[in-house]
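Visitor: Take this structure, written in structure tokens, and hold onto it; I'll ask about it next.
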2 protein chains.
Amino acid sequence: MAAMETRRVRPELRDFEPYVAGRSIDEIKAKYNLHSVIKMASNENPLGTSPVVQKVIRDNVPLAFRYAQAGNPLLRSALAGYLGVVDAECLVCGNGSDEIIDLLIRVLARPGKDNIVAFDPCFSIYKVQAKLCGVEFRQVALDDNFHFPWDALLAKADERTKIIFVTNPDNPSGYAVPVTDLVDLASRIPEDALLVVDEAYIDFADPLEEYSMLPVFRKMTNVVLLRTFSKLFGLAGLRLGYGIMPPWLADYLMRSRLPFSVNILAEKAGIAAVQDEIFIAKTRETVLRGRRDLTQGMQAAGCTVYPSQANFLLVRPPMDPAIICERLLRKGIIIRGLGSYGLDAFFRVSVGNEEENRIFLGAITEVLNG
Amino acid sequence: MAAMETRRVRPELRDFEPYVAGRSIDEIKAKYNLHSVIKMASNENPLGTSPVVQKVIRDNVPLAFRYAQAGNPLLRSALAGYLGVVDAECLVCGNGSDEIIDLLIRVLARPGKDNIVAFDPCFSIYKVQAKLCGVEFRQVALDDNFHFPWDALLAKADERTKIIFVTNPDNPSGYAVPVTDLVDLASRIPEDALLVVDEAYIDFADPLEEYSMLPVFRKMTNVVLLRTFSKLFGLAGLRLGYGIMPPWLADYLMRSRLPFSVNILAEKAGIAAVQDEIFIAKTRETVLRGRRDLTQGMQAAGCTVYPSQANFLLVRPPMDPAIICERLLRKGIIIRGLGSYGLDAFFRVSVGNEEENRIFLGAITEVLNG
């Protein structure tokens with residue numbers, strides 16, 4: 001019956017892959033009989049969630065039965081205050097930046113007519129949501145060293161291109177381009193296209209002002225920035241992301257979004273998180289130091305480590321990464337294989353806290369030495 | 001510039017209305033200089049969130065930095081256990097049932113080709129999401145007494161109809177039809193259509209077994225049920241809803257949904273909430289008693305109160321509802337005017353707890369008598 005029933009499914013969706021859930025820390029513990037497991041696979045905050053923000057969440061739990069105020073006006077104001085150079089009317093909050101990506105495609109691109117351009121590999125959500133919207137998704141292979149071939153990207157775009165996605169710093173490479181490159185790119189894209197720069201990892205770029213488009217945002221008319229609370233702010237599980245965009249576009253996203261997509265605890269946590277300067281500084285410091293330590297340690301163990309401006313590292317080890325991942329799992333360490341990105345010779349490891357980094361370096365050195 | 005820039009927006013969306021945020025309790029307090037405000041406007045749980053579930057949420061706050069396990073397998077299992085008569089593979093959880101509504105349309109209906117049928121008025125999200133998807137939305141006016149004109153509904157459906165939405169109990173009337181009516185309807189809809197019965201308020205129907213389609217779900221091949229944690233479980237602010245559907249359809253929704261749309265605290269809270277039998281029973285009891293008390297009190301004050309199987313009442317007062325709403329606001333009571341439903345002569349009031357109901361009845365009696 002199932003085969004007959006799938007005729008009901010929209011043709012564009014019939015070849016969507018079944019979702020394969022990743023293994024949880026609890027499953028790994030049970031499978032390998034481990035007491036503790038270190039997860040360095042999902043680019044979460046190595047310090048967890050700020051204690052200050054945790055307290056705010058706990059204090060607001062009695063409000064869980066209330067709908068949040070639709071449109072999240074207080075959160076948008078707090079964010080505008082934090083960012084400093086954009087008004088609240090340029091901001092749209094979502095259930096993770098995933099929702100903003102989806103909304104941008106839905107608002108801008110006509111199914112069956114328009115197209116979207118991005119690099120290959122890229123964040124899988126760009127592609128899946130374009131396909132779900134029935135919008136053509138065009139990809140341009142990254143250079144061998146994971147750099148961005150701008151001319152090839154522009155050659156794929158045409159008058160039907162509505163969005164060009166660039167992730168800066170990029171995932172899974174950690175590679176980042178200076179803001180001047182992106183300003184130049186924005187001046188060269190087709191008139192009807194918007195450049196959407198996904199700055200999920202921008203807070204870990206060093207120095208920040210060399211990479212972030214935020215300071216120049218007001219001068220641009222065709223640029224959207226995506227940000228997330230999942231990394232710097234340690235709130236991946238609460239789902240909170242936002243877009244910074246021209247007011248006319250923010251207005252249409254606000255008209256089109258589900259009014260209660262941001263949950264009330266994420267809203268309260270977000271407002272507290274942007275004011276928590278101590279945690280922000282500590283996270284940056286931890287990531288920058290950990291990134292340096294992990295790079296040196298893995299190089300010493302014989303790996304090629306790509307320069308990263310993010311809170312993770314792309315690594316080409318001198319051994320099959322699948323074997324490395326499996327052996328690390330047995331030791332209670334979860335890293336990320338990159339088969340789903342088509343990068344079988346690589347793995348990605350998130351920067352952990354000091355102890356996690358030390359344990360990981362000890363373990364991978366052991367694996368690579370024998 | 002804004003006018004010129006909106007050419008970039010998909011034509012179907014250009015007439016979307018700007019979102020008007022409702023006033024929050026804090027705003028009402030400030031505006032009318034009130035110490036306490038009672039909200040009986042959004043059909044939230046009159047008892048708040050269960051203390052047991054609140055504790056589970058608080059205990060899990062340290063996990064806020066982690067992504068939840070994609071696909072929410074533990075929550076789906078817990079739900080299957082609670083429901084008793086469906087397997088986990090029939091269940092899809094979402095960021096509120098709003099997300100499930102959106103996914104059903106996206107998976108089933110081809111933009112510009114297919115159509116969706118519902119009553120008028122109906123839950124606004126059905127219409128907005130259909131429009132956002134570029135799918136024709138056909139509506140059939142309810143009978144004068146808010147009953148369902150089945151033949152007129154069926155007359156609107158054709159071979160391009162992919163979804164027929166019915167809300168049972170209905171919002172804002174509280175009217176509900178017995179399950180036998182819906183089984184009959186399902187046997188008469190076009191072959192390619194699915195009957196989606198939104199049971200957001202089903203837990204307040206009395207007796208439940210006369211109204212819920214859950215017990216007969218296994219026998220149906222073209223029925224989807226929608227449920228929410230916002231009402232019975234007191235978790236509106238955490239955003240958690242789910243659909244009960246044939247496995248082939250659940251499979252495609254799982255393939256198409258954003259993998260982390262349900263936040264980690266909603267997941268943990270949901271698992272706890274379905275096991276909290278005491279709170280479930282207490283909520284039902286509070287709503288059924290409050291519904292009866294409010295009905296009698298408002299009838300005594302000269303209102304026409306429609307029979308309701310939900311946790312709210314539709315009321316036709318002997319005075320302009322806009323004036324009533326405003327005067328109640330001054331007394332610190334928020335109810336729901338129904339202008340957005342095209343029902344200017346009515347208001348809707350959510351069942352509160354015993355004290356809230358008493359205060360509301362005192363206030364409205366005063367307003368109507370003075």
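Each chain in the structure tokens gets a letter, A, B and so on, in the order shown; residues start at 1 in every chain, and ligands are counted from 1 in the order they appear.
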Quick one: residues within 7 Å of Glu199 of chain A, only C-alpha atoms, excluding same-chain residues fewer than 6 positions away - as a list in words?
Guide: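 That gives Thr167, Asn168, Pro169, Leu225, Leu226 and Arg227 of chain A.
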Visitor: Tell me, as a PyMOL selection string, which residues lie within 9 Å of segment 122-139 of chain A, counting only C-alpha atoms; anything in the same chain fewer than 2 positions away does not count.
Guide: (chain A and resi 12-13+16+98+101-102+105-106+109-120+141+153+156-157+165-167+170-172+341) or (chain B and resi 106-107+111+133+256+258)
Visitor: Please, what distance in Å, to one decimal, runs between atom CA of Glu354 of chain B and atom CA of Gly290 of chain B?
Guide: 6.7 Å
Visitor: Taking only C-alpha atoms into account, find every residue of chain B that has an atom no more than 6 Å from chain A, and write it out as a PyMOL selection string.
Guide: chain B and resi 2+9-10+18-19+21+48-49+58+64-68+70+107-108+234-239+248+255+263-264
Visitor: Give me, as a list of chain:residue names, all polymer residues having an atom no more than 10 Å from Arg218 of chain A, counting only C-alpha atoms and skipping those fewer than 4 positions away in the same chain.
Guide: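 In the requested form, the answer reads A:Val85, A:Val86, A:Asp87, A:Cys90, A:Met213, A:Leu214, A:Val223, A:Met245, A:Pro246.
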Visitor: Would you mind exporting N, CA, C and O atoms of the selected residues as a CSV table (one decimal), in the first residue's frame?
Guide:
chain,number,residue,atom,x,y,z
A,85,VAL,N,24.1,48.4,15.5
A,85,VAL,CA,24.2,49.2,14.2
A,85,VAL,C,22.9,48.9,13.3
A,85,VAL,O,22.9,49.4,12.2
A,86,VAL,N,22.0,48.1,13.8
A,86,VAL,CA,20.8,47.9,13.0
A,86,VAL,C,19.5,48.1,13.9
A,86,VAL,O,19.6,47.9,15.1
A,87,ASP,N,18.4,48.5,13.3
A,87,ASP,CA,17.2,48.7,14.0
A,87,ASP,C,16.4,47.4,14.2
A,87,ASP,O,16.6,46.5,13.4
A,90,CYS,N,14.8,45.6,11.3
A,90,CYS,CA,15.6,44.8,10.3
A,90,CYS,C,15.8,43.4,10.8
A,90,CYS,O,16.5,42.6,10.1
A,213,MET,N,30.1,41.2,8.3
A,213,MET,CA,29.5,42.2,7.4
A,213,MET,C,28.6,43.1,8.2
A,213,MET,O,28.1,44.1,7.7
A,214,LEU,N,28.4,42.8,9.5
A,214,LEU,CA,27.5,43.7,10.3
A,214,LEU,C,27.8,45.2,10.3
A,214,LEU,O,26.9,46.0,10.0
A,223,VAL,N,21.8,42.6,0.9
A,223,VAL,CA,22.5,41.7,1.7
A,223,VAL,C,21.6,41.3,2.9
A,223,VAL,O,21.0,42.1,3.5
A,245,MET,N,18.2,42.0,7.9
A,245,MET,CA,17.8,42.2,6.5
A,245,MET,C,17.2,43.5,6.3
A,245,MET,O,16.8,44.2,7.3
A,246,PRO,N,17.1,44.0,5.1
A,246,PRO,CA,16.4,45.3,4.8
A,246,PRO,C,15.0,45.2,5.4
A,246,PRO,O,14.3,44.2,5.3
Visitor: When distances are computed from only C-alpha atoms, which of A:Ile364, A:Phe279, A:Val349, A:Gly332 shows the smallest separation from Asp26 of chain A?
Guide: A:Gly332
Visitor: Going by DSSP on the backbone, which residues of segment 92-315 of chain B come out as strand (DSSP E or B)? List them as a short mmCIF file (atom, residue, chain, number, x, y, z; two decimals) with all heavy atoms, in the first residue's frame.
Guide:
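That gives us out15.cif:
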data_model
loop_
_atom_site.label_atom_id
_atom_site.label_comp_id
_atom_site.auth_asym_id
_atom_site.auth_seq_id
_atom_site.Cartn_x
_atom_site.Cartn_y
_atom_site.Cartn_z
N VAL B 92 4.31 12.29 14.16
CA VAL B 92 5.30 13.31 13.81
C VAL B 92 5.12 14.48 14.76
O VAL B 92 4.03 15.03 14.88
CB VAL B 92 5.13 13.80 12.36
CG1 VAL B 92 6.21 14.83 12.01
CG2 VAL B 92 5.18 12.64 11.38
N CYS B 93 6.20 14.85 15.45
CA CYS B 93 6.15 15.98 16.39
C CYS B 93 6.63 17.25 15.70
O CYS B 93 7.50 17.20 14.82
CB CYS B 93 7.04 15.69 17.60
SG CYS B 93 6.49 14.24 18.52
N GLY B 94 6.07 18.37 16.10
CA GLY B 94 6.44 19.63 15.47
C GLY B 94 6.52 20.76 16.48
O GLY B 94 6.11 20.62 17.64
N ASN B 115 -5.74 21.91 -4.41
CA ASN B 115 -6.49 22.81 -3.53
C ASN B 115 -6.75 22.15 -2.18
O ASN B 115 -6.58 20.94 -2.02
CB ASN B 115 -7.80 23.25 -4.19
CG ASN B 115 -8.77 22.09 -4.35
OD1 ASN B 115 -9.34 21.58 -3.39
ND2 ASN B 115 -8.96 21.64 -5.59
N ILE B 116 -7.15 22.99 -1.25
CA ILE B 116 -7.45 22.58 0.12
C ILE B 116 -8.81 23.14 0.47
O ILE B 116 -9.15 24.26 0.06
CB ILE B 116 -6.35 23.11 1.07
CG1 ILE B 116 -5.05 22.33 0.80
CG2 ILE B 116 -6.77 22.98 2.54
CD1 ILE B 116 -3.85 22.88 1.50
N VAL B 117 -9.60 22.37 1.23
CA VAL B 117 -10.96 22.79 1.55
C VAL B 117 -11.13 22.84 3.06
O VAL B 117 -10.63 21.97 3.79
CB VAL B 117 -11.99 21.81 0.93
CG1 VAL B 117 -13.42 22.20 1.31
CG2 VAL B 117 -11.84 21.78 -0.59
N ALA B 118 -11.80 23.89 3.55
CA ALA B 118 -12.08 24.02 4.98
C ALA B 118 -13.33 24.87 5.16
O ALA B 118 -13.86 25.43 4.19
CB ALA B 118 -10.90 24.68 5.70
N PHE B 119 -13.79 24.94 6.38
CA PHE B 119 -14.94 25.78 6.67
C PHE B 119 -14.51 27.24 6.83
O PHE B 119 -13.33 27.56 6.92
CB PHE B 119 -15.66 25.29 7.94
CG PHE B 119 -16.41 24.01 7.73
CD1 PHE B 119 -16.07 22.86 8.44
CD2 PHE B 119 -17.45 23.93 6.82
CE1 PHE B 119 -16.75 21.67 8.25
CE2 PHE B 119 -18.14 22.74 6.61
CZ PHE B 119 -17.78 21.61 7.34
N ASP B 120 -15.51 28.12 6.91
CA ASP B 120 -15.27 29.55 7.13
C ASP B 120 -16.26 30.03 8.19
O ASP B 120 -17.46 29.94 7.98
CB ASP B 120 -15.49 30.31 5.82
CG ASP B 120 -15.20 31.80 5.96
OD1 ASP B 120 -14.55 32.18 6.95
OD2 ASP B 120 -15.63 32.56 5.08
N GLU B 136 -4.37 26.74 -3.68
CA GLU B 136 -5.72 27.31 -3.59
C GLU B 136 -6.41 26.85 -2.31
O GLU B 136 -6.36 25.68 -1.96
CB GLU B 136 -6.54 26.88 -4.81
CG GLU B 136 -7.92 27.52 -4.86
CD GLU B 136 -8.83 26.86 -5.91
OE1 GLU B 136 -8.35 26.00 -6.68
OE2 GLU B 136 -10.02 27.21 -5.94
N PHE B 137 -7.08 27.80 -1.64
CA PHE B 137 -7.76 27.49 -0.39
C PHE B 137 -9.24 27.79 -0.56
O PHE B 137 -9.63 28.93 -0.77
CB PHE B 137 -7.17 28.34 0.75
CG PHE B 137 -7.59 27.90 2.13
CD1 PHE B 137 -7.06 26.75 2.69
CD2 PHE B 137 -8.50 28.63 2.86
CE1 PHE B 137 -7.44 26.34 3.96
CE2 PHE B 137 -8.89 28.23 4.13
CZ PHE B 137 -8.36 27.08 4.68
N ARG B 138 -10.07 26.75 -0.48
CA ARG B 138 -11.51 26.91 -0.69
C ARG B 138 -12.23 26.81 0.64
O ARG B 138 -11.96 25.92 1.43
CB ARG B 138 -12.02 25.81 -1.61
CG ARG B 138 -11.36 25.80 -2.97
CD ARG B 138 -11.89 24.64 -3.81
NE ARG B 138 -11.30 24.68 -5.15
CZ ARG B 138 -11.53 23.75 -6.09
NH1 ARG B 138 -12.34 22.73 -5.83
NH2 ARG B 138 -10.96 23.85 -7.26
N GLN B 139 -13.19 27.72 0.85
CA GLN B 139 -13.90 27.71 2.12
C GLN B 139 -15.40 27.64 1.94
O GLN B 139 -15.94 28.15 0.96
CB GLN B 139 -13.55 28.97 2.93
CG GLN B 139 -12.14 28.91 3.51
CD GLN B 139 -11.84 30.07 4.42
OE1 GLN B 139 -11.50 31.15 3.95
NE2 GLN B 139 -11.97 29.86 5.72
N VAL B 140 -16.04 27.00 2.90
CA VAL B 140 -17.48 26.82 2.91
C VAL B 140 -18.01 27.41 4.22
O VAL B 140 -17.53 27.02 5.29
CB VAL B 140 -17.84 25.32 2.86
CG1 VAL B 140 -19.34 25.11 2.90
CG2 VAL B 140 -17.22 24.67 1.64
N ALA B 141 -18.97 28.33 4.12
CA ALA B 141 -19.48 28.97 5.33
C ALA B 141 -20.13 27.95 6.26
O ALA B 141 -20.84 27.04 5.82
CB ALA B 141 -20.50 30.05 4.97
N THR B 161 -8.33 18.14 -4.81
CA THR B 161 -8.34 18.44 -3.37
C THR B 161 -7.42 17.46 -2.65
O THR B 161 -7.61 16.25 -2.73
CB THR B 161 -9.76 18.35 -2.80
OG1 THR B 161 -10.60 19.26 -3.49
CG2 THR B 161 -9.77 18.67 -1.31
N LYS B 162 -6.42 18.01 -1.95
CA LYS B 162 -5.47 17.14 -1.26
C LYS B 162 -5.76 17.05 0.24
O LYS B 162 -5.44 16.05 0.87
CB LYS B 162 -4.04 17.61 -1.50
CG LYS B 162 -3.57 17.40 -2.94
CD LYS B 162 -3.71 15.95 -3.37
CE LYS B 162 -3.45 15.72 -4.84
NZ LYS B 162 -2.04 15.64 -5.18
N ILE B 163 -6.32 18.10 0.80
CA ILE B 163 -6.59 18.11 2.24
C ILE B 163 -7.95 18.75 2.49
O ILE B 163 -8.28 19.77 1.90
CB ILE B 163 -5.52 18.92 3.01
CG1 ILE B 163 -4.14 18.26 2.90
CG2 ILE B 163 -5.91 19.08 4.49
CD1 ILE B 163 -3.00 19.09 3.50
N ILE B 164 -8.73 18.13 3.39
CA ILE B 164 -9.94 18.76 3.92
C ILE B 164 -9.73 18.91 5.42
O ILE B 164 -9.54 17.93 6.13
CB ILE B 164 -11.18 17.89 3.62
CG1 ILE B 164 -11.38 17.78 2.10
CG2 ILE B 164 -12.43 18.46 4.31
CD1 ILE B 164 -12.51 16.85 1.68
N PHE B 165 -9.69 20.17 5.89
CA PHE B 165 -9.48 20.44 7.31
C PHE B 165 -10.82 20.53 8.04
O PHE B 165 -11.71 21.29 7.61
CB PHE B 165 -8.76 21.78 7.52
CG PHE B 165 -7.27 21.74 7.29
CD1 PHE B 165 -6.73 22.35 6.17
CD2 PHE B 165 -6.43 21.11 8.20
CE1 PHE B 165 -5.34 22.35 5.96
CE2 PHE B 165 -5.05 21.10 7.99
CZ PHE B 165 -4.50 21.72 6.87
N VAL B 166 -10.96 19.82 9.15
CA VAL B 166 -12.11 19.98 10.05
C VAL B 166 -11.55 20.09 11.47
O VAL B 166 -10.72 19.27 11.87
CB VAL B 166 -13.08 18.79 9.96
CG1 VAL B 166 -14.19 18.92 11.01
CG2 VAL B 166 -13.69 18.68 8.57
N THR B 167 -11.98 21.11 12.20
CA THR B 167 -11.53 21.27 13.58
C THR B 167 -12.63 20.75 14.50
O THR B 167 -13.77 21.21 14.42
CB THR B 167 -11.27 22.77 13.89
OG1 THR B 167 -10.49 23.33 12.84
CG2 THR B 167 -10.54 22.93 15.21
N LEU B 194 -7.10 13.80 1.78
CA LEU B 194 -7.01 13.31 3.15
C LEU B 194 -7.89 14.19 4.04
O LEU B 194 -7.94 15.41 3.85
CB LEU B 194 -5.58 13.37 3.66
CG LEU B 194 -4.58 12.39 3.04
CD1 LEU B 194 -3.18 12.66 3.61
CD2 LEU B 194 -4.98 10.95 3.32
N LEU B 195 -8.56 13.57 4.98
CA LEU B 195 -9.32 14.32 5.98
C LEU B 195 -8.41 14.58 7.17
O LEU B 195 -7.96 13.64 7.83
CB LEU B 195 -10.55 13.51 6.41
CG LEU B 195 -11.37 14.10 7.57
CD1 LEU B 195 -11.94 15.47 7.22
CD2 LEU B 195 -12.49 13.13 7.97
N VAL B 196 -8.12 15.86 7.41
CA VAL B 196 -7.27 16.23 8.55
C VAL B 196 -8.18 16.79 9.65
O VAL B 196 -8.77 17.85 9.48
CB VAL B 196 -6.20 17.26 8.15
CG1 VAL B 196 -5.39 17.68 9.39
CG2 VAL B 196 -5.28 16.68 7.08
N VAL B 197 -8.32 16.03 10.73
CA VAL B 197 -9.17 16.45 11.84
C VAL B 197 -8.28 17.04 12.93
O VAL B 197 -7.44 16.34 13.51
CB VAL B 197 -10.00 15.27 12.39
CG1 VAL B 197 -10.91 15.75 13.52
CG2 VAL B 197 -10.82 14.64 11.27
N ASP B 198 -8.45 18.32 13.16
CA ASP B 198 -7.64 19.03 14.15
C ASP B 198 -8.31 18.85 15.51
O ASP B 198 -9.34 19.45 15.79
CB ASP B 198 -7.56 20.50 13.74
CG ASP B 198 -6.56 21.29 14.58
OD1 ASP B 198 -6.23 20.86 15.70
OD2 ASP B 198 -6.13 22.36 14.11
N VAL B 223 -7.15 9.46 6.96
CA VAL B 223 -7.41 10.41 8.04
C VAL B 223 -6.10 10.75 8.76
O VAL B 223 -5.26 9.88 9.00
CB VAL B 223 -8.42 9.82 9.05
CG1 VAL B 223 -8.50 10.68 10.32
CG2 VAL B 223 -9.80 9.71 8.40
N VAL B 224 -5.95 12.03 9.07
CA VAL B 224 -4.83 12.53 9.89
C VAL B 224 -5.44 13.25 11.08
O VAL B 224 -6.41 14.00 10.93
CB VAL B 224 -3.96 13.52 9.08
CG1 VAL B 224 -2.89 14.17 9.98
CG2 VAL B 224 -3.33 12.83 7.88
N LEU B 225 -4.90 13.03 12.26
CA LEU B 225 -5.35 13.77 13.45
C LEU B 225 -4.24 14.72 13.91
O LEU B 225 -3.07 14.36 13.89
CB LEU B 225 -5.68 12.80 14.59
CG LEU B 225 -6.69 11.69 14.27
CD1 LEU B 225 -6.94 10.83 15.52
CD2 LEU B 225 -8.01 12.27 13.76
N LEU B 226 -4.64 15.92 14.31
CA LEU B 226 -3.68 16.88 14.86
C LEU B 226 -3.94 17.06 16.34
O LEU B 226 -5.09 17.18 16.77
CB LEU B 226 -3.82 18.24 14.16
CG LEU B 226 -3.55 18.28 12.66
CD1 LEU B 226 -3.78 19.69 12.12
CD2 LEU B 226 -2.13 17.82 12.36
N ARG B 227 -2.88 17.09 17.12
CA ARG B 227 -2.98 17.26 18.57
C ARG B 227 -1.96 18.30 19.02
O ARG B 227 -0.98 18.55 18.33
CB ARG B 227 -2.69 15.93 19.29
CG ARG B 227 -3.69 14.80 18.99
CD ARG B 227 -4.98 15.04 19.71
NE ARG B 227 -5.91 13.91 19.61
CZ ARG B 227 -6.02 12.94 20.53
NH1 ARG B 227 -5.24 12.93 21.60
NH2 ARG B 227 -6.92 11.97 20.38
N THR B 228 -2.17 18.85 20.20
CA THR B 228 -1.25 19.86 20.71
C THR B 228 -0.99 19.66 22.19
O THR B 228 -1.83 19.11 22.91
CB THR B 228 -1.83 21.27 20.49
OG1 THR B 228 -0.95 22.23 21.08
CG2 THR B 228 -3.19 21.44 21.15
N GLY B 241 3.47 20.18 19.27
CA GLY B 241 2.26 19.58 18.73
C GLY B 241 2.63 18.33 17.97
O GLY B 241 3.82 18.04 17.79
N TYR B 242 1.64 17.57 17.56
CA TYR B 242 1.97 16.37 16.78
C TYR B 242 0.81 15.98 15.88
O TYR B 242 -0.33 16.41 16.08
CB TYR B 242 2.38 15.20 17.68
CG TYR B 242 1.32 14.71 18.66
CD1 TYR B 242 0.58 13.56 18.40
CD2 TYR B 242 1.08 15.40 19.85
CE1 TYR B 242 -0.37 13.10 19.30
CE2 TYR B 242 0.13 14.95 20.75
CZ TYR B 242 -0.58 13.80 20.48
OH TYR B 242 -1.53 13.36 21.37
N GLY B 243 1.16 15.18 14.88
CA GLY B 243 0.16 14.63 13.99
C GLY B 243 0.16 13.12 14.11
O GLY B 243 1.20 12.51 14.35
N ILE B 244 -1.04 12.54 13.97
CA ILE B 244 -1.20 11.08 13.94
C ILE B 244 -1.64 10.75 12.52
O ILE B 244 -2.68 11.25 12.07
CB ILE B 244 -2.27 10.62 14.95
CG1 ILE B 244 -1.96 11.17 16.35
CG2 ILE B 244 -2.39 9.10 14.97
CD1 ILE B 244 -3.10 10.97 17.36
N THR B 304 -26.17 34.96 25.17
CA THR B 304 -26.37 33.66 24.53
C THR B 304 -25.02 32.95 24.52
O THR B 304 -24.04 33.48 23.99
CB THR B 304 -26.85 33.83 23.08
OG1 THR B 304 -28.07 34.58 23.10
CG2 THR B 304 -27.08 32.49 22.41
N VAL B 305 -24.97 31.78 25.15
CA VAL B 305 -23.71 31.04 25.25
C VAL B 305 -23.85 29.76 24.43
O VAL B 305 -24.79 28.98 24.65
CB VAL B 305 -23.37 30.70 26.71
CG1 VAL B 305 -22.02 30.00 26.80
CG2 VAL B 305 -23.37 31.95 27.57
N PHE B 312 -13.14 26.79 26.00
CA PHE B 312 -13.53 28.19 25.79
C PHE B 312 -15.02 28.19 25.44
O PHE B 312 -15.59 27.15 25.12
CB PHE B 312 -12.70 28.83 24.68
CG PHE B 312 -12.76 28.06 23.39
CD1 PHE B 312 -13.84 28.19 22.51
CD2 PHE B 312 -11.75 27.17 23.06
CE1 PHE B 312 -13.90 27.46 21.34
CE2 PHE B 312 -11.81 26.42 21.89
CZ PHE B 312 -12.88 26.57 21.03
N LEU B 313 -15.58 29.39 25.46
CA LEU B 313 -17.00 29.53 25.13
C LEU B 313 -17.19 30.66 24.13
O LEU B 313 -16.58 31.73 24.26
CB LEU B 313 -17.81 29.84 26.40
CG LEU B 313 -17.93 28.67 27.38
CD1 LEU B 313 -18.30 29.18 28.78
CD2 LEU B 313 -18.97 27.66 26.90
N LEU B 314 -18.03 30.41 23.15
CA LEU B 314 -18.44 31.46 22.21
C LEU B 314 -19.70 32.11 22.77
O LEU B 314 -20.65 31.41 23.14
CB LEU B 314 -18.74 30.86 20.84
CG LEU B 314 -19.21 31.85 19.77
CD1 LEU B 314 -18.07 32.78 19.34
CD2 LEU B 314 -19.79 31.11 18.56
N VAL B 315 -19.69 33.43 22.81
CA VAL B 315 -20.75 34.15 23.51
C VAL B 315 -21.29 35.28 22.63
O VAL B 315 -20.51 36.02 22.01
CB VAL B 315 -20.21 34.75 24.83
CG1 VAL B 315 -21.33 35.47 25.59
CG2 VAL B 315 -19.58 33.67 25.69
#
Visitor: Which residues come within 10 Å of Ala322 of chain B, counting only C-alpha atoms, excluding same-chain residues fewer than 2 positions away, as a list in words?
Guide: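 The filter keeps Met319, Asp320, Ile324, Cys325, Glu326, Arg327, Leu328, Arg336, Gly337, Leu338, Gly339, Asp344, Ala345, Phe346 and Phe347 of chain B.
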Visitor: Compile the contact shell of Leu294 of chain B as a count of residues only: residues with an atom at most 12 Å away, counting only C-alpha atoms, same-chain residues fewer than 5 positions apart removed.
Guide: 36
Visitor: Separation of atom CA of Leu208 of chain A and atom CA of Leu91 of chain A, in Å?
Guide: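 So the two atoms, atom CA of Leu208 of chain A and atom CA of Leu91 of chain A, lie 20.7 Å apart.
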Visitor: What is the distance, in Å and to one decimal place, between atom CA of Ile334 of chain B and atom CA of Ile28 of chain B?
Guide: 8.7 Å
